[in-house]
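Working notes, beginning with the structure itself.
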Amino acid sequence: MKQIILVHTIPKLLLLVLTFSFSLAIGSAFAQVSPLAGIAPGTIKNSYIDLGESDSLALSIIRGRVDGPVFTIVAGIHGFEYPPIIAVQRILKSIDPKELKGSLLIIPLASEASFYQRSVFTHPEDGKNLNRVFPGNGSGTVTEKIAAFISQVIIPVTDVFLDIHGGDASEDLLPFVCFYDRKDASAQVGLARKLASAADFEYNVIYPYTLKADQPSEYAFKEAVQQGKTALSIEAGKLGAADRVAIDRIENGILNMLKEMEMIQGSISTHSDQRWLVNPDYIKAPVQGIFYSDIKSGDQVSRGQYLGYITDIFGEKLEEIHSGFDGIVLYKIGTPPVNTGETMFCIGKVN
Ligand SMILES: [Zn+2]
């Protein structure tokens with residue numbers, strides 16, 4: 001039987017009263033107290049973090065009976081990406097703190113308002129995309145405060161940071177695991193590569209890392225890389241569906257990573273035919289309009305290949321889209337509307 005200190009059946013307001021003292025924003029910074037402080041080994045603590053001005057963030061801390069790595073899992077940075085959210089619900093129920101080595105910091109639904117209001121990419125209150133505002137601002141808008149809490153309180157105590165996404169309501173996406181190739185952090189990149197391989201997705205993607213120390217990271221797992229952590233992202237699911245296969249794949253990927261870290265027991269069996277893609281290229285929409293394409297995520301495309309076309313709302317063709325690259329379509333806009341400058345296709349190069 002798991003020991004639950006605070007459970008979600010406690011009203012949210014009461015949880016806010018009971019929440020951590022470190023959580024109050026002081027100016028633009030959160031007080032630097034570890035979220036693990038005061039949590040007994042072998043227990044679970046579920047609570048809402050008070051971000052100030054009635055904004056809050058749900059955090060589940062599963063502290064293993066034995067000390068070990070701190071592994072952070074974030075879902076719901078985009079509230080319309082359901083497979084990550086549901087897979088993490090399963091993880092919350094399946095991990096026994098008495099059997100766990102180390103600790104899990106789990107943010108099950110980073111953008112809760114986006115989830116309940118079914119808003120795609122952005123937070124309904126401030127219109128900001130949480131995965132573009134890192135490192136955030138503790139005295140900013142609600143989205144900036146969520147990012148600031150993760151940047152200032154969660155990432156500093158984290159050894160491995162995993163941010164999980166999927167194809168949003170408009171995205172057709174190939175499932176993959178990805179990480180940044182930070183050249184001056186070979187140990188962290190080496191571990192990320194091992195964990196990506198253990199996750200057992202057919203495709204892994206390695207992004208170049210060119211961020212300077214004083215540049216905003218914008219993305220959650222890039223912020224973790226900038227802070228010198230091992231960080232990965234999983235992408236699975238598409239077009240706003242709570243797809244069972246994608247949920248299973250994410251759950252299995254997380255459990256395999258935890259086995260690779262020796263935080264939970266069990267053997268990992270991986271496919272021998274994993275493919276590694278590097279340095280994805282992006283094709284942007286040249287114009288707003290209605291988008292037609294027979295290409296699907298996972299398709300192999302070649303430079304110059306015809307990919308589709310865009311019309312105006314009278315049906316007149318405005319632009320034809322051709323690939324500028326050879327590679328595999330990682331994701332594409334999978335629904336008719338496109339806006340100027342949006343990524344229509346992301347194409348990974350075969351390594
Ligand atoms: Zn996302």
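Chain lettering (A, B, ...) mirrors the order of the structure tokens, residue numbering begins at 1 for each chain separately, and ligand numbering begins at 1 in order of display.
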Report task. Looking only at helix (DSSP H, G or I) from DSSP on the backbone, list the matching residues of region 48-180 of chain A as an MDAnalysis selection string. Result -> chainID A and resid 82:94 112:116 130:132 142:157
Write a file of the just-selected residues containing N, CA, C and O atoms, as a short mmCIF file (atom, residue, chain, number, x, y, z; two decimals), in the first residue's frame.
data_model
loop_
_atom_site.label_atom_id
_atom_site.label_comp_id
_atom_site.auth_asym_id
_atom_site.auth_seq_id
_atom_site.Cartn_x
_atom_site.Cartn_y
_atom_site.Cartn_z
N TYR A 82 -2.67 14.51 -25.66
CA TYR A 82 -3.22 13.62 -24.63
C TYR A 82 -2.39 12.38 -24.30
O TYR A 82 -2.34 11.98 -23.14
N PRO A 83 -1.76 11.69 -25.28
CA PRO A 83 -1.04 10.47 -24.91
C PRO A 83 0.01 10.68 -23.80
O PRO A 83 0.08 9.86 -22.87
N PRO A 84 0.81 11.78 -23.82
CA PRO A 84 1.74 11.98 -22.71
C PRO A 84 1.02 12.10 -21.37
O PRO A 84 1.47 11.54 -20.35
N ILE A 85 -0.08 12.82 -21.36
CA ILE A 85 -0.81 13.07 -20.11
C ILE A 85 -1.37 11.76 -19.55
O ILE A 85 -1.23 11.46 -18.35
N ILE A 86 -1.94 10.93 -20.42
CA ILE A 86 -2.54 9.67 -19.95
C ILE A 86 -1.46 8.66 -19.57
O ILE A 86 -1.60 7.91 -18.59
N ALA A 87 -0.37 8.64 -20.32
CA ALA A 87 0.73 7.72 -19.98
C ALA A 87 1.29 8.06 -18.60
O ALA A 87 1.59 7.17 -17.79
N VAL A 88 1.42 9.35 -18.29
CA VAL A 88 1.94 9.76 -16.99
C VAL A 88 0.93 9.43 -15.88
O VAL A 88 1.32 9.11 -14.75
N GLN A 89 -0.37 9.49 -16.19
CA GLN A 89 -1.35 9.03 -15.20
C GLN A 89 -1.09 7.57 -14.82
O GLN A 89 -1.19 7.20 -13.65
N ARG A 90 -0.74 6.76 -15.80
CA ARG A 90 -0.44 5.34 -15.51
C ARG A 90 0.81 5.22 -14.64
O ARG A 90 0.85 4.41 -13.72
N ILE A 91 1.83 6.04 -14.95
CA ILE A 91 3.08 5.98 -14.18
C ILE A 91 2.81 6.36 -12.72
O ILE A 91 3.32 5.73 -11.79
N LEU A 92 1.97 7.37 -12.51
CA LEU A 92 1.64 7.80 -11.14
C LEU A 92 1.05 6.64 -10.34
O LEU A 92 1.26 6.53 -9.13
N LYS A 93 0.29 5.80 -11.02
CA LYS A 93 -0.38 4.69 -10.33
C LYS A 93 0.51 3.46 -10.20
O LYS A 93 0.26 2.61 -9.35
N SER A 94 1.51 3.33 -11.05
CA SER A 94 2.24 2.06 -11.10
C SER A 94 3.55 2.06 -10.32
O SER A 94 4.09 0.99 -10.02
N GLU A 112 -2.50 23.10 -17.05
CA GLU A 112 -3.79 22.51 -16.72
C GLU A 112 -4.96 23.25 -17.36
O GLU A 112 -5.92 22.66 -17.84
N ALA A 113 -4.87 24.57 -17.40
CA ALA A 113 -5.97 25.35 -17.99
C ALA A 113 -6.09 25.06 -19.49
O ALA A 113 -7.20 25.03 -20.04
N SER A 114 -4.96 24.83 -20.16
CA SER A 114 -5.01 24.50 -21.59
C SER A 114 -5.73 23.18 -21.80
O SER A 114 -6.47 23.01 -22.78
N PHE A 115 -5.50 22.25 -20.87
CA PHE A 115 -6.15 20.93 -20.95
C PHE A 115 -7.66 21.07 -20.82
O PHE A 115 -8.42 20.64 -21.67
N TYR A 116 -8.08 21.73 -19.74
CA TYR A 116 -9.52 21.79 -19.48
C TYR A 116 -10.25 22.69 -20.47
O TYR A 116 -11.43 22.49 -20.75
N LEU A 130 3.82 27.63 -23.50
CA LEU A 130 4.74 27.31 -22.39
C LEU A 130 6.08 26.80 -22.91
O LEU A 130 7.10 27.00 -22.27
N ASN A 131 6.07 26.16 -24.05
CA ASN A 131 7.34 25.65 -24.58
C ASN A 131 8.07 26.68 -25.45
O ASN A 131 8.87 26.32 -26.32
N ARG A 132 7.81 27.97 -25.20
CA ARG A 132 8.57 29.03 -25.85
C ARG A 132 9.00 30.13 -24.88
O ARG A 132 9.57 31.12 -25.30
N VAL A 142 0.95 33.79 -16.03
CA VAL A 142 0.85 32.44 -15.48
C VAL A 142 1.78 31.46 -16.20
O VAL A 142 2.47 30.65 -15.56
N THR A 143 1.86 31.55 -17.52
CA THR A 143 2.73 30.64 -18.28
C THR A 143 4.19 30.87 -17.91
O THR A 143 4.96 29.92 -17.74
N GLU A 144 4.57 32.13 -17.77
CA GLU A 144 5.96 32.46 -17.41
C GLU A 144 6.30 31.98 -15.99
O GLU A 144 7.43 31.57 -15.71
N LYS A 145 5.29 32.00 -15.10
CA LYS A 145 5.53 31.53 -13.73
C LYS A 145 5.72 30.02 -13.68
O LYS A 145 6.55 29.51 -12.93
N ILE A 146 4.93 29.30 -14.48
CA ILE A 146 5.09 27.84 -14.53
C ILE A 146 6.50 27.51 -15.01
O ILE A 146 7.21 26.67 -14.42
N ALA A 147 6.94 28.18 -16.07
CA ALA A 147 8.29 27.94 -16.60
C ALA A 147 9.35 28.29 -15.56
O ALA A 147 10.34 27.57 -15.38
N ALA A 148 9.14 29.40 -14.84
CA ALA A 148 10.12 29.83 -13.84
C ALA A 148 10.23 28.82 -12.71
O ALA A 148 11.33 28.51 -12.23
N PHE A 149 9.10 28.28 -12.28
CA PHE A 149 9.14 27.28 -11.20
C PHE A 149 9.93 26.04 -11.66
O PHE A 149 10.77 25.51 -10.93
N ILE A 150 9.64 25.58 -12.88
CA ILE A 150 10.36 24.41 -13.39
C ILE A 150 11.85 24.72 -13.53
O ILE A 150 12.70 23.92 -13.15
N SER A 151 12.17 25.91 -14.03
CA SER A 151 13.58 26.29 -14.25
C SER A 151 14.34 26.47 -12.94
O SER A 151 15.50 26.09 -12.83
N GLN A 152 13.68 27.07 -11.95
CA GLN A 152 14.39 27.49 -10.73
C GLN A 152 14.33 26.46 -9.61
O GLN A 152 15.23 26.42 -8.77
N VAL A 153 13.26 25.66 -9.57
CA VAL A 153 13.09 24.74 -8.44
C VAL A 153 13.25 23.28 -8.87
O VAL A 153 13.89 22.49 -8.16
N ILE A 154 12.70 22.92 -10.00
CA ILE A 154 12.70 21.50 -10.41
C ILE A 154 14.02 21.11 -11.08
O ILE A 154 14.68 20.14 -10.68
N ILE A 155 14.41 21.84 -12.12
CA ILE A 155 15.59 21.43 -12.91
C ILE A 155 16.87 21.41 -12.05
O ILE A 155 17.66 20.46 -12.17
N PRO A 156 17.10 22.38 -11.17
CA PRO A 156 18.36 22.35 -10.41
C PRO A 156 18.57 21.09 -9.56
O PRO A 156 19.70 20.70 -9.34
N VAL A 157 17.47 20.44 -9.12
CA VAL A 157 17.65 19.24 -8.29
C VAL A 157 17.50 17.95 -9.11
O VAL A 157 17.50 16.85 -8.58
#
Report task. Write out as a PyMOL selection string all residues of region 101-344 of chain A that DSSP puts in strand (DSSP E) for this structure's backbone. Result -> chain A and resi 101-107+160-165+171-173+176-181+203-208+230-235+275-284+289-292+300-301+306-311+317-322+327-333+337-338+343-344
Dump as a Markdown table the rows for residues of chain A within 10 Å of ligand 1: closest atom pair and distance in Å with one decimal, only C-alpha atoms and all ligand atoms counted, ordered by chain and rising residue number.
| residue | atom | partner | partner_atom_place_in_ligand_line | distance |
| --- | --- | --- | --- | --- |
| A:Ala75 | CA | ligand 1 | 1 (Zn) | 8.9 |
| A:Gly76 | CA | ligand 1 | 1 (Zn) | 7.6 |
| A:Ile77 | CA | ligand 1 | 1 (Zn) | 6.3 |
| A:His78 | CA | ligand 1 | 1 (Zn) | 4.8 |
| A:Gly79 | CA | ligand 1 | 1 (Zn) | 8.1 |
| A:Phe80 | CA | ligand 1 | 1 (Zn) | 8.2 |
| A:Glu81 | CA | ligand 1 | 1 (Zn) | 6.3 |
| A:Tyr82 | CA | ligand 1 | 1 (Zn) | 9.8 |
| A:Pro84 | CA | ligand 1 | 1 (Zn) | 9.3 |
| A:Val120 | CA | ligand 1 | 1 (Zn) | 9.1 |
| A:Phe121 | CA | ligand 1 | 1 (Zn) | 6.9 |
| A:Thr122 | CA | ligand 1 | 1 (Zn) | 9.9 |
| A:Asn129 | CA | ligand 1 | 1 (Zn) | 9.3 |
| A:Leu130 | CA | ligand 1 | 1 (Zn) | 9.1 |
| A:Asn131 | CA | ligand 1 | 1 (Zn) | 7.4 |
| A:Asp163 | CA | ligand 1 | 1 (Zn) | 9.0 |
| A:Ile164 | CA | ligand 1 | 1 (Zn) | 7.4 |
| A:His165 | CA | ligand 1 | 1 (Zn) | 4.3 |
| A:Gly166 | CA | ligand 1 | 1 (Zn) | 5.6 |
| A:Gly167 | CA | ligand 1 | 1 (Zn) | 6.8 |
| A:Asp168 | CA | ligand 1 | 1 (Zn) | 6.4 |
| A:Glu171 | CA | ligand 1 | 1 (Zn) | 9.8 |
| A:Ser233 | CA | ligand 1 | 1 (Zn) | 9.8 |
| A:Ile234 | CA | ligand 1 | 1 (Zn) | 9.7 |
| A:Glu235 | CA | ligand 1 | 1 (Zn) | 7.8 |
| A:Ala236 | CA | ligand 1 | 1 (Zn) | 9.7 |
Requested in this report: Name the residues in contact with Ser170 (chain A) at a cut-off of 12 Å, using only C-alpha atoms, excluding same-chain residues fewer than 2 positions from it; report them as a VMD selection string.
Outcome: chain A and resid 80 to 81 119 to 121 166 to 168 172 to 173 237 to 241 291 331 to 338 342 to 344
Go ahead and save the picked residues with N, CA, C and O atoms, as an mmCIF file, in the first residue's frame.
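Output file out_27.cif is given in full below:
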data_model
loop_
_atom_site.group_PDB
_atom_site.id
_atom_site.type_symbol
_atom_site.label_atom_id
_atom_site.label_comp_id
_atom_site.auth_asym_id
_atom_site.auth_seq_id
_atom_site.Cartn_x
_atom_site.Cartn_y
_atom_site.Cartn_z
ATOM 1 N N PHE A 80 -3.340 19.890 -25.159
ATOM 2 C CA PHE A 80 -4.126 19.142 -26.153
ATOM 3 C C PHE A 80 -3.379 17.888 -26.610
ATOM 4 O O PHE A 80 -3.849 17.167 -27.481
ATOM 5 N N GLU A 81 -2.211 17.634 -26.017
ATOM 6 C CA GLU A 81 -1.425 16.451 -26.395
ATOM 7 C C GLU A 81 -1.693 15.367 -25.357
ATOM 8 O O GLU A 81 -1.047 15.313 -24.312
ATOM 9 N N SER A 119 -7.290 24.114 -25.286
ATOM 10 C CA SER A 119 -6.635 25.096 -26.139
ATOM 11 C C SER A 119 -5.342 24.508 -26.706
ATOM 12 O O SER A 119 -4.597 23.824 -26.010
ATOM 13 N N VAL A 120 -5.124 24.735 -27.972
ATOM 14 C CA VAL A 120 -4.017 24.126 -28.710
ATOM 15 C C VAL A 120 -2.772 25.012 -28.572
ATOM 16 O O VAL A 120 -2.829 26.205 -28.869
ATOM 17 N N PHE A 121 -1.690 24.444 -28.093
ATOM 18 C CA PHE A 121 -0.371 25.074 -27.945
ATOM 19 C C PHE A 121 -0.294 26.131 -26.838
ATOM 20 O O PHE A 121 0.707 26.209 -26.128
ATOM 21 N N GLY A 166 3.375 15.252 -27.896
ATOM 22 C CA GLY A 166 2.833 14.444 -28.977
ATOM 23 C C GLY A 166 2.373 15.381 -30.065
ATOM 24 O O GLY A 166 2.483 16.601 -29.924
ATOM 25 N N GLY A 167 1.847 14.823 -31.133
ATOM 26 C CA GLY A 167 1.271 15.679 -32.161
ATOM 27 C C GLY A 167 0.062 16.391 -31.568
ATOM 28 O O GLY A 167 -0.812 15.766 -30.981
ATOM 29 N N ASP A 168 0.041 17.705 -31.674
ATOM 30 C CA ASP A 168 -1.096 18.464 -31.166
ATOM 31 C C ASP A 168 -2.285 18.291 -32.118
ATOM 32 O O ASP A 168 -2.213 17.516 -33.076
ATOM 33 N N ASP A 172 0.359 15.826 -37.582
ATOM 34 C CA ASP A 172 0.571 14.413 -37.901
ATOM 35 C C ASP A 172 2.036 14.124 -37.581
ATOM 36 O O ASP A 172 2.931 14.760 -38.141
ATOM 37 N N LEU A 173 2.289 13.187 -36.668
ATOM 38 C CA LEU A 173 3.635 13.054 -36.103
ATOM 39 C C LEU A 173 4.082 11.599 -36.046
ATOM 40 O O LEU A 173 3.300 10.706 -35.747
ATOM 41 N N GLY A 237 1.943 10.182 -30.491
ATOM 42 C CA GLY A 237 0.530 10.535 -30.632
ATOM 43 C C GLY A 237 0.384 11.633 -31.660
ATOM 44 O O GLY A 237 1.362 12.329 -31.991
ATOM 45 N N LYS A 238 -0.808 11.772 -32.189
ATOM 46 C CA LYS A 238 -0.995 12.795 -33.220
ATOM 47 C C LYS A 238 -2.443 13.235 -33.324
ATOM 48 O O LYS A 238 -3.352 12.537 -32.887
ATOM 49 N N LEU A 239 -2.605 14.401 -33.886
ATOM 50 C CA LEU A 239 -3.901 14.942 -34.264
ATOM 51 C C LEU A 239 -4.912 14.961 -33.109
ATOM 52 O O LEU A 239 -6.104 14.758 -33.296
ATOM 53 N N GLY A 240 -4.377 15.215 -31.903
ATOM 54 C CA GLY A 240 -5.258 15.433 -30.760
ATOM 55 C C GLY A 240 -5.959 14.194 -30.227
ATOM 56 O O GLY A 240 -6.855 14.314 -29.394
ATOM 57 N N ALA A 241 -5.535 12.997 -30.675
ATOM 58 C CA ALA A 241 -6.216 11.782 -30.230
ATOM 59 C C ALA A 241 -5.511 11.184 -29.012
ATOM 60 O O ALA A 241 -4.293 11.229 -28.915
ATOM 61 N N PHE A 291 -4.468 23.900 -46.924
ATOM 62 C CA PHE A 291 -3.313 23.062 -47.253
ATOM 63 C C PHE A 291 -3.775 21.658 -47.664
ATOM 64 O O PHE A 291 -4.563 21.034 -46.955
ATOM 65 N N TYR A 331 7.210 15.301 -38.531
ATOM 66 C CA TYR A 331 5.842 15.757 -38.348
ATOM 67 C C TYR A 331 5.487 16.765 -39.416
ATOM 68 O O TYR A 331 6.356 17.342 -40.071
ATOM 69 N N LYS A 332 4.197 16.939 -39.589
ATOM 70 C CA LYS A 332 3.690 17.887 -40.585
ATOM 71 C C LYS A 332 2.342 18.414 -40.102
ATOM 72 O O LYS A 332 1.711 17.802 -39.233
ATOM 73 N N ILE A 333 1.929 19.511 -40.660
ATOM 74 C CA ILE A 333 0.567 19.965 -40.396
ATOM 75 C C ILE A 333 -0.364 18.944 -41.055
ATOM 76 O O ILE A 333 -0.234 18.640 -42.246
ATOM 77 N N GLY A 334 -1.269 18.394 -40.244
ATOM 78 C CA GLY A 334 -2.123 17.302 -40.722
ATOM 79 C C GLY A 334 -3.563 17.719 -40.929
ATOM 80 O O GLY A 334 -4.427 16.885 -41.151
ATOM 81 N N THR A 335 -3.838 19.018 -40.844
ATOM 82 C CA THR A 335 -5.198 19.529 -41.028
ATOM 83 C C THR A 335 -5.154 20.722 -42.000
ATOM 84 O O THR A 335 -4.075 21.273 -42.248
ATOM 85 N N PRO A 336 -6.297 21.125 -42.560
ATOM 86 C CA PRO A 336 -6.270 22.097 -43.672
ATOM 87 C C PRO A 336 -5.722 23.498 -43.388
ATOM 88 O O PRO A 336 -5.028 24.057 -44.248
ATOM 89 N N PRO A 337 -5.960 24.132 -42.236
ATOM 90 C CA PRO A 337 -5.503 25.523 -42.140
ATOM 91 C C PRO A 337 -3.985 25.648 -41.975
ATOM 92 O O PRO A 337 -3.385 24.910 -41.179
ATOM 93 N N VAL A 338 -3.376 26.573 -42.715
ATOM 94 C CA VAL A 338 -1.969 26.917 -42.479
ATOM 95 C C VAL A 338 -1.830 28.434 -42.464
ATOM 96 O O VAL A 338 -2.580 29.153 -43.134
ATOM 97 N N GLU A 342 4.361 29.218 -40.384
ATOM 98 C CA GLU A 342 4.254 27.999 -39.566
ATOM 99 C C GLU A 342 5.074 26.875 -40.180
ATOM 100 O O GLU A 342 5.215 26.786 -41.403
ATOM 101 N N THR A 343 5.583 25.981 -39.305
ATOM 102 C CA THR A 343 6.269 24.791 -39.807
ATOM 103 C C THR A 343 5.240 23.851 -40.423
ATOM 104 O O THR A 343 4.349 23.373 -39.742
ATOM 105 N N MET A 344 5.380 23.603 -41.744
ATOM 106 C CA MET A 344 4.464 22.668 -42.417
ATOM 107 C C MET A 344 5.016 21.249 -42.353
ATOM 108 O O MET A 344 4.262 20.279 -42.240
#
Using only C-alpha atoms, I'd like a table of the residues in region 17-131 of chain A that come within 9 Å of region 262-266 of chain A; for each, show the closest atom pair and its distance in Å rounded to one decimal, ordered by chain and ascending number, as a Markdown table.
| residue | atom | partner | partner_atom | distance |
| --- | --- | --- | --- | --- |
| A:Gly64 | CA | A:Met263 | CA | 8.6 |
| A:Gly68 | CA | A:Met263 | CA | 7.3 |
| A:Pro69 | CA | A:Met263 | CA | 7.5 |
| A:Ile95 | CA | A:Ile264 | CA | 8.5 |
| A:Glu99 | CA | A:Ile264 | CA | 6.8 |
| A:Leu100 | CA | A:Ile264 | CA | 5.5 |
| A:Lys101 | CA | A:Met263 | CA | 4.5 |
| A:Gly102 | CA | A:Met263 | CA | 6.2 |
| A:Ser103 | CA | A:Met263 | CA | 8.3 |
Requested in this report: Extract, using only C-alpha atoms, all DNA, RNA and protein residues at most 10 Å from Leu191 (chain A), discarding same-chain residues fewer than 5 positions from it, and format them as a PyMOL selection string.
Outcome: chain A and resi 160+186+196-197+230-232+260-261
Query raised in the report: Which residue, A:Pro135, A:Phe345, A:Ser54, A:Leu105, has the smallest gap to Ser217 (chain A) when you use only C-alpha atoms?
Result: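 Going through A:Pro135, A:Phe345, A:Ser54, A:Leu105 one by one, the smallest distance to Ser217 (chain A) is for A:Pro135.
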**Report entry** Surrounding residues of Pro286 (chain A) excluding itself and chain neighbours under 2 positions, 7 Å, only C-alpha atoms, as a PyMOL selection string
**Finding:** chain A and resi 284+340-341
Only N, CA and C atoms, please: the residues just picked out, written as a PDB file, in the first residue's frame.
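Done, and the output landed in again-v7.pdb:
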ATOM      1  N   LYS A 284       8.615  25.938 -43.985  1.00  0.00           N
ATOM      2  CA  LYS A 284       7.637  26.881 -43.426  1.00  0.00           C
ATOM      3  C   LYS A 284       6.569  27.215 -44.477  1.00  0.00           C
ATOM      4  N   THR A 340       1.035  31.771 -42.528  1.00  0.00           N
ATOM      5  CA  THR A 340       2.361  32.159 -43.002  1.00  0.00           C
ATOM      6  C   THR A 340       3.409  31.976 -41.910  1.00  0.00           C
ATOM      7  N   GLY A 341       4.487  31.281 -42.237  1.00  0.00           N
ATOM      8  CA  GLY A 341       5.598  31.128 -41.306  1.00  0.00           C
ATOM      9  C   GLY A 341       5.509  29.899 -40.416  1.00  0.00           C
TER      10      GLY A 341
END
Requested in this report: Enter the distance from CA of Gln274 (chain A) to CA of Asn204 (chain A), in Å, rounded to one decimal.
Outcome: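 CA of Asn204 (chain A) lies at a distance of 7.3 Å from CA of Gln274 (chain A).
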Query raised in the report: For Pro97 (chain A), which residue among A:Thr43, A:Thr72, A:Ser302, A:Thr141 is the nearest when counting only C-alpha atoms?
Result: A:Thr43
Query raised in the report: CA of Gly228 (chain A) and CA of Gln215 (chain A), how far apart in Å?
Result: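 Atom-to-atom, CA of Gln215 (chain A) to CA of Gly228 (chain A), that is 14.4 Å.
Atom pair CA of Ala169 (chain A) / CA of Pro124 (chain A): separated by 15.4 Å.
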